[in-house]
file entry.cif (mmCIF, C-alpha atoms and all ligand atoms)
data_data
#
loop_
_atom_site.label_atom_id
_atom_site.label_comp_id
_atom_site.auth_asym_id
_atom_site.auth_seq_id
_atom_site.Cartn_x
_atom_site.Cartn_y
_atom_site.Cartn_z
CA MET A 1 -110.83 -61.90 -104.66
CA GLU A 2 -108.19 -64.39 -103.67
CA LEU A 3 -109.37 -67.81 -102.44
CA ARG A 4 -107.87 -67.32 -99.00
CA ASP A 5 -109.79 -64.05 -98.52
CA ARG A 6 -112.95 -65.65 -99.75
CA VAL A 7 -112.59 -68.46 -97.20
CA SER A 8 -111.99 -65.92 -94.41
CA GLY A 9 -115.13 -64.10 -95.44
CA LEU A 10 -117.11 -67.33 -95.16
CA MET A 11 -116.07 -68.23 -91.61
CA GLY A 12 -118.95 -66.35 -89.95
CA GLN A 13 -121.39 -68.43 -91.97
CA ALA A 14 -119.36 -71.54 -91.10
CA TYR A 15 -119.81 -70.80 -87.39
CA THR A 16 -123.54 -70.17 -87.70
CA GLU A 17 -124.12 -73.30 -89.73
CA LEU A 18 -121.89 -75.50 -87.61
CA ALA A 19 -123.91 -74.31 -84.61
CA GLU A 20 -127.13 -75.40 -86.37
CA LEU A 21 -125.68 -78.80 -87.19
CA VAL A 22 -124.20 -79.36 -83.73
CA SER A 23 -127.58 -78.54 -82.16
CA MET A 24 -128.99 -81.67 -83.84
CA ARG A 25 -128.32 -84.58 -81.48
CA SER A 26 -127.56 -86.98 -84.32
CA VAL A 27 -126.38 -89.99 -82.33
CA ALA A 28 -127.43 -92.92 -84.53
CA ASP A 29 -128.72 -95.04 -81.67
CA PRO A 30 -132.51 -94.88 -81.17
CA ARG A 31 -132.08 -96.25 -77.63
CA GLN A 32 -130.29 -93.02 -76.70
CA PHE A 33 -131.62 -90.27 -78.97
CA PRO A 34 -134.73 -89.85 -81.13
CA PRO A 35 -134.12 -90.93 -84.76
CA GLU A 36 -135.71 -87.64 -85.90
CA GLU A 37 -132.52 -85.89 -84.83
CA CYS A 38 -130.53 -87.92 -87.38
CA LEU A 39 -133.17 -87.32 -90.03
CA ARG A 40 -133.02 -83.55 -89.44
CA ALA A 41 -129.24 -83.61 -89.77
CA ALA A 42 -129.47 -85.64 -93.00
CA GLU A 43 -132.00 -83.20 -94.46
CA TRP A 44 -129.84 -80.26 -93.38
CA VAL A 45 -126.82 -81.74 -95.18
CA ARG A 46 -128.89 -82.48 -98.28
CA ASP A 47 -130.25 -78.92 -98.41
CA LYS A 48 -126.86 -77.27 -97.86
CA PHE A 49 -125.22 -79.26 -100.64
CA ALA A 50 -128.16 -78.46 -102.90
CA GLY A 51 -127.22 -74.85 -102.19
CA VAL A 52 -123.73 -75.37 -103.61
CA GLY A 53 -124.91 -76.93 -106.84
CA PHE A 54 -125.36 -80.62 -106.06
CA VAL A 55 -128.15 -82.42 -107.91
CA ASP A 56 -129.77 -85.85 -107.65
CA LEU A 57 -129.48 -85.56 -103.88
CA GLU A 58 -131.19 -88.31 -101.93
CA LEU A 59 -131.27 -89.81 -98.48
CA ALA A 60 -130.30 -93.38 -99.29
CA GLU A 61 -131.42 -95.90 -96.71
CA THR A 62 -128.67 -98.34 -95.78
CA ALA A 63 -128.89 -101.85 -94.34
CA ASP A 64 -128.56 -100.69 -90.73
CA GLY A 65 -131.52 -98.31 -91.11
CA SER A 66 -129.43 -95.14 -91.28
CA ARG A 67 -129.58 -92.72 -94.18
CA ALA A 68 -126.62 -91.63 -96.25
CA VAL A 69 -126.84 -88.34 -98.13
CA VAL A 70 -125.66 -88.95 -101.70
CA GLY A 71 -125.51 -86.61 -104.64
CA ALA A 72 -123.41 -85.34 -107.53
CA ARG A 73 -122.31 -82.11 -109.14
CA PRO A 74 -121.21 -82.65 -112.73
CA ALA A 75 -118.48 -80.50 -114.25
CA ALA A 76 -118.86 -78.63 -117.52
CA ASP A 77 -116.22 -80.94 -119.01
CA PRO A 78 -117.47 -84.52 -118.60
CA ASP A 79 -113.93 -85.84 -119.11
CA ALA A 80 -112.73 -84.01 -116.03
CA PRO A 81 -111.72 -86.23 -113.10
CA THR A 82 -114.28 -87.13 -110.45
CA VAL A 83 -113.77 -86.48 -106.76
CA LEU A 84 -115.93 -88.12 -104.09
CA LEU A 85 -116.33 -86.07 -100.92
CA TYR A 86 -116.97 -88.13 -97.78
CA ALA A 87 -118.01 -87.18 -94.26
CA HIS A 88 -120.52 -88.38 -91.65
CA TYR A 89 -123.23 -86.40 -89.88
CA ASP A 90 -123.78 -88.77 -86.97
CA VAL A 91 -121.83 -88.22 -83.76
CA GLN A 92 -120.65 -90.04 -80.69
CA PRO A 93 -122.90 -89.71 -77.64
CA PRO A 94 -121.79 -86.91 -75.31
CA LEU A 95 -120.83 -89.45 -72.60
CA ASP A 96 -120.57 -87.88 -69.16
CA GLU A 97 -122.48 -84.60 -69.51
CA GLN A 98 -121.09 -83.45 -66.15
CA ALA A 99 -117.60 -83.58 -67.63
CA TRP A 100 -118.50 -81.01 -70.32
CA ARG A 101 -117.56 -77.41 -69.53
CA THR A 102 -120.05 -76.18 -72.16
CA PRO A 103 -123.36 -77.76 -73.30
CA PRO A 104 -122.46 -80.58 -75.71
CA PHE A 105 -125.13 -79.72 -78.27
CA ALA A 106 -124.66 -75.93 -78.24
CA LEU A 107 -121.63 -74.75 -80.20
CA THR A 108 -119.72 -72.46 -77.82
CA ARG A 109 -116.70 -70.25 -78.47
CA VAL A 110 -114.10 -70.49 -75.71
CA ASP A 111 -110.82 -68.72 -76.34
CA GLU A 112 -109.91 -69.56 -79.91
CA ARG A 113 -111.81 -72.85 -80.21
CA TRP A 114 -115.40 -73.88 -80.89
CA TYR A 115 -116.76 -76.53 -78.49
CA GLY A 116 -119.53 -79.05 -79.05
CA ARG A 117 -120.16 -82.72 -79.85
CA GLY A 118 -119.26 -83.27 -83.49
CA ALA A 119 -117.67 -79.82 -83.85
CA ALA A 120 -114.67 -81.63 -85.34
CA ASP A 121 -115.80 -85.25 -85.83
CA CYS A 122 -117.26 -84.98 -88.33
CA LYS A 123 -119.54 -81.95 -88.63
CA GLY A 124 -116.50 -79.66 -88.82
CA ASN A 125 -115.47 -81.56 -91.93
CA ILE A 126 -118.92 -81.05 -93.46
CA LEU A 127 -118.44 -77.30 -92.96
CA MET A 128 -114.95 -77.62 -94.43
CA HIS A 129 -116.44 -79.10 -97.62
CA LEU A 130 -119.18 -76.45 -97.80
CA THR A 131 -116.74 -73.60 -97.20
CA ALA A 132 -114.36 -74.88 -99.88
CA LEU A 133 -117.18 -75.14 -102.41
CA ARG A 134 -118.60 -71.71 -101.58
CA ALA A 135 -115.14 -70.19 -101.95
CA LEU A 136 -114.85 -71.73 -105.42
CA GLY A 137 -118.33 -70.73 -106.51
CA ASP A 138 -118.93 -71.84 -110.09
CA ALA A 139 -115.23 -72.42 -110.70
CA VAL A 140 -115.12 -76.13 -109.90
CA PRO A 141 -113.42 -77.84 -112.82
CA VAL A 142 -113.89 -81.43 -111.55
CA ASN A 143 -116.94 -83.66 -111.29
CA LEU A 144 -118.02 -83.95 -107.67
CA LYS A 145 -119.83 -86.73 -105.87
CA LEU A 146 -120.94 -86.70 -102.27
CA VAL A 147 -121.60 -89.27 -99.59
CA VAL A 148 -122.28 -88.18 -96.01
CA GLU A 149 -123.16 -91.22 -93.94
CA GLY A 150 -125.36 -91.44 -90.88
CA SER A 151 -124.02 -94.27 -88.73
CA GLU A 152 -120.22 -94.13 -88.86
CA GLU A 153 -119.80 -93.93 -85.09
CA GLN A 154 -122.03 -96.96 -84.48
CA GLY A 155 -119.84 -99.37 -86.43
CA THR A 156 -122.99 -100.99 -87.84
CA GLY A 157 -121.57 -100.92 -91.35
CA GLY A 158 -124.46 -99.29 -93.22
CA LEU A 159 -122.30 -97.52 -95.77
CA GLU A 160 -119.78 -100.40 -96.01
CA ASP A 161 -122.67 -102.54 -97.19
CA TYR A 162 -124.08 -99.83 -99.48
CA VAL A 163 -120.92 -98.91 -101.42
CA PRO A 164 -120.27 -102.19 -103.30
CA ARG A 165 -123.97 -102.48 -104.17
CA HIS A 166 -124.00 -98.93 -105.61
CA ALA A 167 -120.48 -98.91 -106.97
CA GLU A 168 -121.20 -96.80 -110.08
CA LEU A 169 -123.09 -94.16 -108.14
CA LEU A 170 -120.05 -93.31 -106.00
CA ARG A 171 -117.20 -94.23 -108.38
CA ALA A 172 -114.48 -91.55 -108.42
CA ASP A 173 -110.85 -91.06 -109.35
CA ALA A 174 -110.06 -89.56 -105.95
CA ILE A 175 -111.90 -90.03 -102.66
CA LEU A 176 -111.50 -87.47 -99.89
CA VAL A 177 -112.22 -89.39 -96.69
CA SER A 178 -112.50 -86.29 -94.54
CA ASP A 179 -112.63 -87.85 -91.09
CA THR A 180 -109.08 -87.53 -89.71
CA GLY A 181 -106.88 -84.55 -89.01
CA ASN A 182 -103.54 -82.85 -88.94
CA ALA A 183 -100.56 -83.80 -86.78
CA ALA A 184 -101.22 -80.62 -84.77
CA VAL A 185 -102.92 -77.27 -85.39
CA GLY A 186 -101.09 -75.73 -88.34
CA VAL A 187 -99.17 -78.91 -89.24
CA PRO A 188 -100.80 -80.39 -92.35
CA ALA A 189 -100.91 -84.18 -92.50
CA ALA A 190 -102.51 -87.01 -94.37
CA THR A 191 -103.22 -90.31 -92.66
CA VAL A 192 -101.68 -92.95 -94.88
CA SER A 193 -101.64 -96.10 -92.79
CA LEU A 194 -104.29 -97.89 -90.73
CA ARG A 195 -103.77 -101.11 -88.83
CA GLY A 196 -106.05 -104.07 -89.38
CA LEU A 197 -107.24 -106.45 -86.70
CA ALA A 198 -107.84 -110.10 -85.89
CA ASN A 199 -109.72 -111.17 -82.76
CA ILE A 200 -109.95 -114.63 -81.18
CA VAL A 201 -111.34 -116.27 -78.07
CA VAL A 202 -109.12 -119.04 -76.66
CA THR A 203 -110.51 -121.52 -74.14
CA VAL A 204 -108.47 -123.92 -72.00
CA GLU A 205 -109.95 -126.96 -70.20
CA ALA A 206 -108.08 -129.25 -67.81
CA LEU A 207 -110.45 -130.72 -65.20
CA GLY A 208 -113.98 -132.10 -65.10
CA SER A 209 -114.93 -129.65 -62.37
CA ALA A 210 -113.51 -127.10 -59.94
CA VAL A 211 -111.66 -128.87 -57.12
CA HIS A 212 -110.41 -127.82 -53.68
CA SER A 213 -107.04 -126.07 -53.92
CA GLY A 214 -105.88 -127.64 -50.64
CA MET A 215 -106.88 -131.21 -51.42
CA TYR A 216 -105.73 -131.12 -55.07
CA GLY A 217 -103.48 -128.08 -55.49
CA GLY A 218 -100.00 -129.15 -56.59
CA PRO A 219 -100.42 -131.99 -59.04
CA ALA A 220 -103.79 -130.95 -60.46
CA PRO A 221 -103.48 -129.11 -63.81
CA ASP A 222 -104.84 -125.62 -63.35
CA ALA A 223 -106.60 -124.28 -66.46
CA LEU A 224 -106.16 -120.65 -65.46
CA ALA A 225 -102.42 -121.12 -64.84
CA ALA A 226 -102.14 -122.80 -68.25
CA LEU A 227 -103.92 -119.89 -69.92
CA ILE A 228 -101.71 -117.34 -68.15
CA SER A 229 -98.55 -119.13 -69.31
CA MET A 230 -99.85 -119.25 -72.89
CA LEU A 231 -100.71 -115.53 -72.88
CA ALA A 232 -97.29 -114.73 -71.42
CA THR A 233 -95.61 -116.00 -74.62
CA LEU A 234 -97.26 -113.14 -76.56
CA ARG A 235 -94.87 -110.51 -75.16
CA ASP A 236 -91.20 -110.44 -74.28
CA ALA A 237 -89.72 -108.78 -71.20
CA ALA A 238 -89.47 -105.41 -72.98
CA GLY A 239 -93.14 -105.56 -73.92
CA ASN A 240 -92.72 -106.26 -77.64
CA THR A 241 -95.50 -108.36 -79.15
CA THR A 242 -93.86 -111.71 -79.95
CA ILE A 243 -95.84 -113.96 -82.27
CA ALA A 244 -93.77 -116.37 -84.33
CA GLY A 245 -94.02 -115.38 -87.98
CA LEU A 246 -95.08 -111.75 -87.38
CA ASP A 247 -92.44 -109.08 -87.97
CA ASN A 248 -92.10 -106.88 -84.90
CA THR A 249 -89.16 -104.80 -86.17
CA GLN A 250 -90.77 -102.57 -88.80
CA THR A 251 -90.19 -98.84 -88.48
CA TRP A 252 -92.33 -95.78 -89.26
CA THR A 253 -90.94 -93.23 -91.70
CA GLY A 254 -93.60 -90.49 -91.47
CA VAL A 255 -94.14 -87.84 -88.82
CA ASP A 256 -93.10 -88.54 -85.21
CA TYR A 257 -95.48 -88.99 -82.28
CA PRO A 258 -93.40 -87.64 -79.40
CA ALA A 259 -93.23 -90.00 -76.43
CA GLU A 260 -94.20 -87.28 -73.94
CA MET A 261 -97.31 -86.42 -75.92
CA PHE A 262 -98.20 -90.09 -76.20
CA ARG A 263 -97.74 -90.61 -72.45
CA SER A 264 -100.14 -87.77 -71.78
CA ASP A 265 -102.69 -88.88 -74.41
CA ALA A 266 -102.61 -92.46 -73.13
CA THR A 267 -102.76 -91.33 -69.47
CA VAL A 268 -99.63 -93.33 -68.54
CA LEU A 269 -98.94 -93.03 -64.79
CA ASN A 270 -95.76 -91.43 -63.48
CA GLY A 271 -92.97 -93.96 -63.07
CA VAL A 272 -94.52 -96.42 -65.54
CA SER A 273 -92.59 -96.99 -68.80
CA LEU A 274 -93.81 -97.16 -72.37
CA ILE A 275 -93.18 -100.64 -73.71
CA GLY A 276 -91.44 -102.14 -76.73
CA ASP A 277 -88.12 -101.54 -78.47
CA GLY A 278 -88.78 -98.69 -80.85
CA SER A 279 -90.36 -95.26 -81.19
CA VAL A 280 -94.02 -94.61 -80.43
CA PRO A 281 -94.94 -94.51 -84.15
CA ASP A 282 -93.01 -97.73 -84.79
CA LEU A 283 -95.00 -99.55 -82.14
CA LEU A 284 -98.31 -97.83 -82.84
CA TRP A 285 -98.44 -97.69 -86.63
CA ALA A 286 -95.82 -100.08 -88.06
CA ARG A 287 -95.92 -103.20 -85.85
CA PRO A 288 -98.38 -105.75 -84.55
CA ALA A 289 -99.80 -105.36 -81.04
CA VAL A 290 -101.76 -107.90 -79.04
CA THR A 291 -104.14 -106.95 -76.22
CA VAL A 292 -106.03 -109.21 -73.83
CA LEU A 293 -109.55 -107.77 -73.95
CA GLY A 294 -111.07 -110.04 -71.33
CA ILE A 295 -110.52 -113.18 -69.29
CA ASP A 296 -113.18 -115.58 -68.02
CA CYS A 297 -112.18 -116.65 -64.54
CA PRO A 298 -113.72 -116.14 -61.12
CA PRO A 299 -113.75 -112.50 -60.01
CA VAL A 300 -111.94 -111.69 -56.77
CA VAL A 301 -115.11 -111.11 -54.79
CA GLY A 302 -116.87 -114.45 -54.54
CA SER A 303 -113.84 -116.54 -55.48
CA ALA A 304 -113.34 -119.79 -53.59
CA ALA A 305 -110.27 -121.86 -52.67
CA ALA A 306 -110.59 -123.90 -55.84
CA ILE A 307 -108.58 -124.82 -58.93
CA GLN A 308 -110.27 -123.68 -62.11
CA PRO A 309 -111.24 -126.40 -64.58
CA ARG A 310 -111.67 -123.95 -67.43
CA ALA A 311 -110.52 -120.47 -68.39
CA ALA A 312 -110.87 -118.33 -71.52
CA ALA A 313 -109.44 -115.13 -72.91
CA ARG A 314 -110.52 -112.79 -75.72
CA LEU A 315 -107.59 -111.36 -77.64
CA ASN A 316 -107.30 -108.44 -80.03
CA LEU A 317 -104.41 -108.39 -82.49
CA ARG A 318 -103.67 -105.19 -84.44
CA VAL A 319 -101.72 -105.74 -87.63
CA PRO A 320 -99.84 -103.14 -89.68
CA PRO A 321 -99.96 -102.70 -93.47
CA GLY A 322 -97.95 -105.42 -95.17
CA THR A 323 -99.30 -108.16 -92.91
CA ASP A 324 -102.31 -110.24 -93.90
CA SER A 325 -104.89 -110.23 -91.08
CA GLY A 326 -105.90 -113.85 -91.69
CA ALA A 327 -102.29 -115.04 -91.67
CA ALA A 328 -101.69 -113.05 -88.50
CA GLN A 329 -104.69 -114.71 -86.88
CA ASP A 330 -103.33 -118.13 -87.92
CA ALA A 331 -99.95 -117.30 -86.39
CA LEU A 332 -101.56 -116.21 -83.12
CA VAL A 333 -103.63 -119.40 -82.91
CA ALA A 334 -100.64 -121.61 -83.75
CA GLN A 335 -98.49 -120.02 -81.08
CA LEU A 336 -101.14 -120.40 -78.38
CA GLU A 337 -101.73 -124.03 -79.29
CA ALA A 338 -98.00 -124.75 -79.29
CA ALA A 339 -97.56 -123.01 -75.93
CA ALA A 340 -100.35 -124.91 -74.18
CA PRO A 341 -98.75 -126.90 -71.31
CA TRP A 342 -99.62 -130.28 -69.79
CA GLY A 343 -101.80 -131.50 -72.61
CA VAL A 344 -104.65 -129.16 -71.66
CA ARG A 345 -107.48 -128.96 -74.19
CA VAL A 346 -107.40 -125.78 -76.23
CA THR A 347 -110.23 -124.53 -78.41
CA VAL A 348 -110.13 -121.33 -80.41
CA GLU A 349 -113.05 -119.34 -81.73
CA ARG A 350 -112.05 -116.98 -84.52
CA GLU A 351 -113.88 -113.67 -84.63
CA GLY A 352 -113.76 -111.34 -87.62
CA THR A 353 -110.65 -109.90 -89.16
CA GLY A 354 -110.16 -106.48 -90.76
CA ALA A 355 -107.47 -105.74 -93.30
CA PRO A 356 -104.86 -103.04 -92.74
CA PHE A 357 -104.85 -100.08 -95.11
CA LEU A 358 -101.99 -98.26 -96.78
CA ALA A 359 -102.76 -95.24 -98.94
CA GLU A 360 -101.18 -95.14 -102.39
CA GLN A 361 -99.13 -91.95 -102.35
CA GLY A 362 -97.73 -91.95 -105.89
CA GLY A 363 -100.72 -90.69 -107.88
CA PRO A 364 -101.81 -87.29 -109.22
CA ALA A 365 -104.48 -86.68 -106.57
CA TYR A 366 -102.00 -87.25 -103.79
CA ALA A 367 -99.52 -84.89 -105.44
CA ALA A 368 -102.25 -82.26 -105.85
CA ILE A 369 -103.45 -82.47 -102.24
CA ALA A 370 -99.86 -82.32 -100.98
CA ALA A 371 -99.24 -79.16 -103.00
CA ALA A 372 -102.58 -77.66 -101.90
CA LEU A 373 -101.90 -78.31 -98.21
CA GLU A 374 -98.41 -76.89 -98.50
CA GLU A 375 -99.78 -73.74 -100.13
CA ALA A 376 -102.54 -73.37 -97.52
CA TYR A 377 -100.29 -73.93 -94.50
CA GLY A 378 -96.91 -72.77 -95.75
CA ARG A 379 -95.26 -76.02 -94.72
CA PRO A 380 -94.93 -79.45 -96.28
CA LEU A 381 -97.32 -82.32 -95.84
CA ALA A 382 -96.51 -84.86 -93.12
CA THR A 383 -97.76 -88.43 -93.07
CA LEU A 384 -99.47 -90.01 -90.09
CA GLY A 385 -100.60 -93.49 -89.20
CA GLN A 386 -103.55 -94.55 -87.16
CA GLY A 387 -103.44 -97.50 -84.80
CA GLY A 388 -107.09 -98.36 -85.34
CA SER A 389 -108.95 -99.14 -88.51
CA ILE A 390 -111.55 -97.45 -90.72
CA PRO A 391 -113.30 -100.38 -92.43
CA LEU A 392 -114.83 -98.07 -95.03
CA CYS A 393 -111.34 -97.35 -96.43
CA ASN A 394 -110.90 -101.03 -97.22
CA VAL A 395 -114.35 -101.11 -98.84
CA PHE A 396 -113.40 -98.13 -101.01
CA ALA A 397 -110.03 -99.72 -101.86
CA ASP A 398 -111.66 -103.05 -102.79
CA THR A 399 -114.54 -101.47 -104.75
CA TYR A 400 -112.41 -98.89 -106.58
CA PRO A 401 -108.94 -100.42 -107.01
CA GLY A 402 -107.72 -97.59 -109.25
CA SER A 403 -108.94 -94.73 -107.05
CA GLU A 404 -106.76 -92.64 -104.79
CA ILE A 405 -108.01 -92.53 -101.21
CA ILE A 406 -106.95 -89.48 -99.21
CA LEU A 407 -107.54 -89.18 -95.45
CA THR A 408 -107.45 -85.65 -94.08
CA GLY A 409 -109.67 -83.34 -92.07
CA VAL A 410 -110.06 -80.95 -89.15
CA GLU A 411 -109.71 -83.50 -86.30
CA GLU A 412 -106.26 -82.65 -84.92
CA PRO A 413 -105.29 -84.07 -81.49
CA ARG A 414 -106.58 -81.13 -79.44
CA ALA A 415 -110.05 -81.71 -80.87
CA MET A 416 -110.46 -84.55 -78.32
CA ILE A 417 -112.88 -86.38 -80.59
CA HIS A 418 -115.13 -88.95 -78.89
CA ALA A 419 -114.30 -87.41 -75.47
CA PRO A 420 -116.16 -84.78 -73.46
CA ASN A 421 -115.27 -81.19 -74.45
CA GLU A 422 -114.74 -81.99 -78.12
CA SER A 423 -113.80 -78.87 -80.05
CA VAL A 424 -112.54 -77.61 -83.37
CA ASP A 425 -109.98 -74.95 -84.15
CA PRO A 426 -111.63 -72.62 -86.70
CA THR A 427 -108.26 -71.94 -88.32
CA GLU A 428 -108.19 -75.63 -89.21
CA ILE A 429 -111.61 -75.38 -90.88
CA ALA A 430 -110.38 -72.32 -92.79
CA ASN A 431 -107.00 -73.72 -93.83
CA MET A 432 -108.35 -77.15 -94.69
CA ALA A 433 -111.19 -75.60 -96.70
CA LEU A 434 -108.63 -73.49 -98.55
CA ALA A 435 -106.52 -76.59 -99.23
CA GLU A 436 -109.58 -78.47 -100.45
CA ALA A 437 -110.54 -75.60 -102.75
CA LEU A 438 -106.99 -75.41 -104.13
CA PHE A 439 -107.01 -79.17 -104.65
CA LEU A 440 -110.33 -79.14 -106.49
CA ARG A 441 -109.08 -76.32 -108.71
CA THR A 442 -105.75 -77.94 -109.62
CA TYR A 443 -106.32 -81.70 -109.64
CA THR A 444 -106.06 -83.31 -113.07
CA LEU A 445 -105.56 -86.94 -113.98
CA ALA A 446 -102.32 -86.10 -115.75
CA GLY A 447 -100.90 -84.75 -112.48
ZN ZN B 501 -115.52 -89.46 -87.47
#

call {"tool": "encode", "arguments": {"input": "entry.cif", "output": "structure tokens"}}
result
Amino acid sequence: MELRDRVSGLMGQAYTELAELVSMRSVADPRQFPPEECLRAAEWVRDKFAGVGFVDLELAETADGSRAVVGARPAADPDAPTVLLYAHYDVQPPLDEQAWRTPPFALTRVDERWYGRGAADCKGNILMHLTALRALGDAVPVNLKLVVEGSEEQGTGGLEDYVPRHAELLRADAILVSDTGNAAVGVPAATVSLRGLANIVVTVEALGSAVHSGMYGGPAPDALAALISMLATLRDAAGNTTIAGLDNTQTWTGVDYPAEMFRSDATVLNGVSLIGDGSVPDLLWARPAVTVLGIDCPPVVGSAAAIQPRAAARLNLRVPPGTDSGAAQDALVAQLEAAAPWGVRVTVEREGTGAPFLAEQGGPAYAAIAAALEEAYGRPLATLGQGGSIPLCNVFADTYPGSEIILTGVEEPRAMIHAPNESVDPTEIANMALAEALFLRTYTLAG
């Protein structure tokens, strides 16, 4: 039987099993959900992968207390390339349960989609892996390794800490980071670019205490006004991020993100413009962007007629591939210090930085996945960026410098991951599973 038919024949099982997995409320936060729910999901994943030939499966405890399911499935030919399959079994909390049209932890078919928390992110990707492997049966010519982590959505870094300390266990020639998605249903895409970040807190001090705005307002240096003028230098009138030394003219060459779709996704109000000189993907994936996350100053209610002696702001700077996060943080700090008026005292606290990520697209695994996706979907592979970061990708890149890291999955935009009414399109599970099976059957190191 042809692979595509075999995948179709497995979709009933995929629904049943995804329903089992979604019913486990595996939010990796014991303050919100019992830890047993995560343990059940981990054991479920372990048992299902045992069923498709994985051995040495274990629930590896990571530094944040979560458990990652790890295992391997050796090929008959030990010289065959090794592919690491990645996913996570933990999910975001359901958030506002009233906003769900179906119960979040009961997989529900509505029209052509399957609804439930984690249906796409990332339990749908676990079913994608299982379906691909079942379709192949014994005919898997590559060595397989598996890591399905249990705390991805918490950002507590359990697996990021685990990988470098168990580098040999997970070493692979190609790593399928199956936690993203296509440009749209039926439009195959790989995510090739992730922005990094650099956060700071800047504090301005000008007076020994708050003073009456009538008695002193005018000549007295106002710390909040100083901070506002410093922050204002970070954007020009068009809304471009302007930090001396950071290129804000780079352009995106992959798939477009249409402005109308972006407006809707970002809930931009009627009559309000998008900002910056460039396309949405230029500004979102190829250029730096600074955001004021918070300001310390008196809130409106309770404020007095007084000049503020001190004010602070927390800033978030997103940096595209090609820019060093540390250098970007230096440039941000230097500009704020240079822009400080009236000799006010400026102190800067540097928070962590995260490196941007750019997938290497010239290797044999990338060529094989591109061909597999094109065969599965009947159209060529597009490339996407992501404005946020996935720190694990940098850990993989640092730990395995020669490995190809490929970001794909079933989480296309309509999946509404992290929001109420998350869903998955079963045709994406089927087509992505077919592409994964084709990839595993054709990938060789020679390309
Ligand atoms: Zn995810």

call {"tool": "residues_near_point", "arguments": {"input": "entry.cif", "point": "(-112.3, -122.1, -58.8)", "cutoff": "9 Å", "atoms": "all atoms listed in the file", "output": "MDAnalysis selection string"}}
result
chainID A and resid 209:213 297:298 303:310

call {"tool": "closest_atom_pairs", "arguments": {"input": "entry.cif", "of": "chain A", "to": "ligand ZN 501 (chain B)", "cutoff": "6 Å", "atoms": "all atoms listed in the file", "output": "tab-separated table"}}
result
residue	atom	partner	partner_atom	distance
A:Asp121	CA	B:ZN501	ZN	4.5
A:Cys122	CA	B:ZN501	ZN	4.9
A:Asp179	CA	B:ZN501	ZN	4.9

call {"tool": "atom_distance", "arguments": {"input": "entry.cif", "atom1": "atom CA of A:Leu315", "atom2": "atom CA of A:Glu152"}}
result
24.1 Å

call {"tool": "closest_residue", "arguments": {"input": "entry.cif", "among": "A:Val201, A:Ala339, A:Val255, A:Leu59", "to": "A:Thr291", "atoms": "all atoms listed in the file"}}
result
A:Val201

call {"tool": "closest_atom_pairs", "arguments": {"input": "entry.cif", "of": "stretch 108-220 of chain A", "to": "stretch 406-416 of chain A", "cutoff": "6 Å", "atoms": "only C-alpha atoms", "output": "CSV"}}
result
residue,atom,partner,partner_atom,distance
A:Ala120,CA,A:Glu411,CA,5.4
A:Leu176,CA,A:Ile406,CA,5.0
A:Val177,CA,A:Leu407,CA,4.8
A:Ser178,CA,A:Gly409,CA,4.8
A:Asp179,CA,A:Gly409,CA,5.5
A:Thr180,CA,A:Gly409,CA,4.8
A:Gly181,CA,A:Glu411,CA,4.1
A:Asn182,CA,A:Glu412,CA,4.9
A:Ala184,CA,A:Glu412,CA,5.4
A:Ala190,CA,A:Thr408,CA,5.1
A:Thr191,CA,A:Leu407,CA,5.3

call {"tool": "residues_around", "arguments": {"input": "entry.cif", "residues": "stretch 256-262 of chain A", "least_positions_apart": "2", "cutoff": "12 Å", "atoms": "only C-alpha atoms", "output": "VMD selection string"}}
result
chain A and resid 183 to 184 189 251 to 254 264 to 270 273 to 275 278 to 285 382 to 387 413 to 414

call {"tool": "atom_distance", "arguments": {"input": "entry.cif", "atom1": "atom CA of A:Val27", "atom2": "atom CA of A:Gln154"}}
result
8.5 Å
